Amino acid sequence: MKQTLFLFALSILVLTACTAPAAVATAIPEDKLAEIQARGTLVIATDPDYAPQSRLLPHKTLPADTKCGPTQYAASQFEGFDVDVAVEIADRLGVEPCFVTPPWSQLIAGSWGDNWDIHAGSVAITFERMKALYFSQPYYATPTVVLVHKDNASFQRLEDLSGKQIGVCAGCIFEEYLKGDLKLPGEEVAYRIKDAHIVAYENEEPAINDLSLGDGVELDAVMTILPKASAAIRSGKPVRMLPETVLFGYAAITLDRSTHRNSARLLSAIDEIINDMHATGKLRELSLHYQGIDLTQEAADFDISSVPQNP
């Protein structure tokens with residue numbers, strides 16, 4: 001009888017020993033930050049062609065010792081302001097940054113299916129986007145400006161562009177502004193351009209290329225952020241910037257509201273990291289390096305906790 005009980009107990013121990021590792025291996029943390037730290041990577045969505053904010057380096061290959069997957073990019077394969085901010089966040093979370101490049105329209109729509117963890121792509125905080133996304137403390141605040149062809153002498157003020165063909169990125173705050181339905185936290189929007197003919201692009205780079213073809217050939221103007229406009233002028237594009245600022249956008253890291261994990265700890269950790277990067281001057285340093293100007297101070301003064309999100 002004792003032998004029978006011993007053998008039964010032994011069989012239970014063997015069965016438990018065989019099944020326990022599988023159970024642990026298949027367990028999926030309900031907490032988003034715990035999942036990321038267990039995986040050892042932070043999967044970051046960004047734009048592959050949005051210099052100086054982000055740019056894929058085509059000559060760089062995936063390092064052999066990376067944890068990033070074969071369809072992802074390592075940090076060494078990217079450069080830019082948004083990229084370095086995201087890399088700093090990953091480093092401070094104790095994980096490796098890995099990048100993916102979904103289309104902008106998919107990124108701002110939410111419902112990411114947990115295919116990436118965060119989006120670092122100069123996303124301006126708007127009340128409409130908050131329906132699908134969570135926003136971190138902003139890491140910089142960028143003026144929205146307008147580019148016109150350098151041969152044009154008639155466009156001097158924003159009102160001069162009313163009724164004109166203006167290129168914007170689809171789903172950006174520029175498009176919402178031209179439609180007259182943009183609502184930004186902490187800013188009263190003045191709609192000075194009326195009845196514009198909106199031409200939407202995946203991002204502003206092809207729009208600027210079309211504007212460069214000639215005054216009014218494809219476009220009359222392009223609306224974009226100051227760093228992008230300045231980069232276009234420095235690169236020799238035949239464009240000039242109107243002297244007036246359209247509005248300010250507070251750019252933040254975004255998380256998907258529809259994730260199957262709880263994002264509260266991850267969002268809180270990112271806020272803490274960004275606030276520390278403001279306090280230590282790290283964000284100012286990165287902004288000066290990539291954008292030639294410090295665009296971080298207004299973002300440092302903005303309090304994202306004053307805008308209800310409830311993750």
# chains A, B, ... in the order shown; residues from 1 in each chain; ligands from 1
$ closest_atom_pairs --of "stretch 118-233 of chain A" --to "stretch 72-83 of chain A" --cutoff "12 Å" --atoms "only C-alpha atoms" --output "tab-separated table"
residue	atom	partner	partner_atom	distance
A:Ile118	CA	A:Val83	CA	11.9
A:His119	CA	A:Asp82	CA	9.5
A:Ala120	CA	A:Asp82	CA	5.8
A:Gly121	CA	A:Asp82	CA	6.0
A:Ser122	CA	A:Asp82	CA	6.7
A:Val123	CA	A:Asp82	CA	10.0
A:Pro138	CA	A:Asp82	CA	11.6
A:Tyr139	CA	A:Asp82	CA	9.2
A:Tyr140	CA	A:Asp82	CA	9.9
A:Pro227	CA	A:Phe81	CA	10.1
A:Lys228	CA	A:Phe81	CA	11.6
$ residues_around --residues "stretch 168-177 of chain A" --least-positions-apart "5" --cutoff "10 Å" --atoms "only C-alpha atoms" --output "PyMOL selection string"
chain A and resi 104-106+108-109+123-126+128-129+144-146+182-184+189-194+196+198-208+221-225+246-247+249
$ closest_residue --among "A:Leu93, A:Ala86, A:Pro48, A:Ala64" --to "A:Ala252" --atoms "only C-alpha atoms"
A:Ala86
$ select_by_dssp --residues "stretch 139-278 of chain A" --states "strand (DSSP E)" --output "PDB file with C-alpha atoms, in the first residue's frame"
ATOM      1  CA  TYR A 140       8.794  68.819 -27.657  1.00  0.00           C
ATOM      2  CA  ALA A 141       6.405  71.459 -28.985  1.00  0.00           C
ATOM      3  CA  THR A 142       6.755  72.323 -32.622  1.00  0.00           C
ATOM      4  CA  PRO A 143       5.417  75.269 -34.604  1.00  0.00           C
ATOM      5  CA  THR A 144       3.333  74.464 -37.671  1.00  0.00           C
ATOM      6  CA  VAL A 145       4.516  76.499 -40.656  1.00  0.00           C
ATOM      7  CA  VAL A 146       3.775  76.872 -44.351  1.00  0.00           C
ATOM      8  CA  LEU A 147       6.148  76.402 -47.269  1.00  0.00           C
ATOM      9  CA  VAL A 148       5.571  78.028 -50.661  1.00  0.00           C
ATOM     10  CA  HIS A 149       7.681  77.964 -53.816  1.00  0.00           C
ATOM     11  CA  GLN A 165      -3.960  73.906 -53.237  1.00  0.00           C
ATOM     12  CA  ILE A 166      -2.193  72.921 -50.028  1.00  0.00           C
ATOM     13  CA  GLY A 167      -0.340  69.647 -49.461  1.00  0.00           C
ATOM     14  CA  VAL A 168      -0.557  67.988 -46.040  1.00  0.00           C
ATOM     15  CA  CYS A 169      -0.026  64.549 -44.545  1.00  0.00           C
ATOM     16  CA  HIS A 197      -8.138  72.596 -51.549  1.00  0.00           C
ATOM     17  CA  ILE A 198      -6.510  69.859 -49.478  1.00  0.00           C
ATOM     18  CA  VAL A 199      -4.105  67.443 -51.157  1.00  0.00           C
ATOM     19  CA  ALA A 200      -3.297  64.585 -48.756  1.00  0.00           C
ATOM     20  CA  TYR A 201      -0.056  62.556 -48.748  1.00  0.00           C
ATOM     21  CA  ALA A 221       1.876  75.425 -50.495  1.00  0.00           C
ATOM     22  CA  VAL A 222       2.726  72.693 -47.998  1.00  0.00           C
ATOM     23  CA  MET A 223       1.873  72.764 -44.303  1.00  0.00           C
ATOM     24  CA  THR A 224       4.383  71.007 -42.048  1.00  0.00           C
ATOM     25  CA  ILE A 225       6.342  71.239 -38.804  1.00  0.00           C
ATOM     26  CA  VAL A 239      10.924  76.651 -51.263  1.00  0.00           C
ATOM     27  CA  ARG A 240      10.597  79.401 -48.688  1.00  0.00           C
ATOM     28  CA  MET A 241       8.795  79.618 -45.365  1.00  0.00           C
ATOM     29  CA  LEU A 247      -0.186  76.906 -34.493  1.00  0.00           C
ATOM     30  CA  PHE A 248       1.826  74.891 -31.961  1.00  0.00           C
ATOM     31  CA  GLY A 249       1.554  71.130 -31.555  1.00  0.00           C
ATOM     32  CA  TYR A 250       2.720  69.228 -28.485  1.00  0.00           C
ATOM     33  CA  ALA A 251       4.422  66.037 -29.695  1.00  0.00           C
ATOM     34  CA  ALA A 252       4.205  62.942 -27.493  1.00  0.00           C
ATOM     35  CA  ILE A 253       4.790  59.192 -27.434  1.00  0.00           C
ATOM     36  CA  THR A 254       1.560  57.306 -28.101  1.00  0.00           C
ATOM     37  CA  LEU A 255       0.181  53.947 -26.928  1.00  0.00           C
ATOM     38  CA  ASP A 256      -2.766  52.024 -28.301  1.00  0.00           C
TER      39      ASP A 256
END
$ atom_distance --atom1 "atom CA of A:Pro102" --atom2 "atom CA of A:Leu42"
15.5 Å
$ select_by_dssp --residues "stretch 63-244 of chain A" --states "alpha helix (DSSP H)" --output "PyMOL selection string"
chain A and resi 81-93+104-109+173-179+204-211+226-234
$ atom_distance --atom1 "atom CA of A:Leu211" --atom2 "atom CA of A:Glu159"
18.8 Å
$ atom_distance --atom1 "atom CA of A:Ile293" --atom2 "atom CA of A:Pro243"
16.5 Å
$ closest_residue --among "A:Asp91, A:Thr245, A:Lys60, A:Lys164" --to "A:Leu226" --atoms "only C-alpha atoms"
A:Thr245
$ closest_residue --among "A:Pro52, A:Asp65, A:Ala279, A:Gln37" --to "A:Ser235" --atoms "only C-alpha atoms"
A:Pro52
$ closest_residue --among "A:Asp31, A:Val100, A:Val87, A:Asn262" --to "A:Ala45" --atoms "only C-alpha atoms"
A:Val100
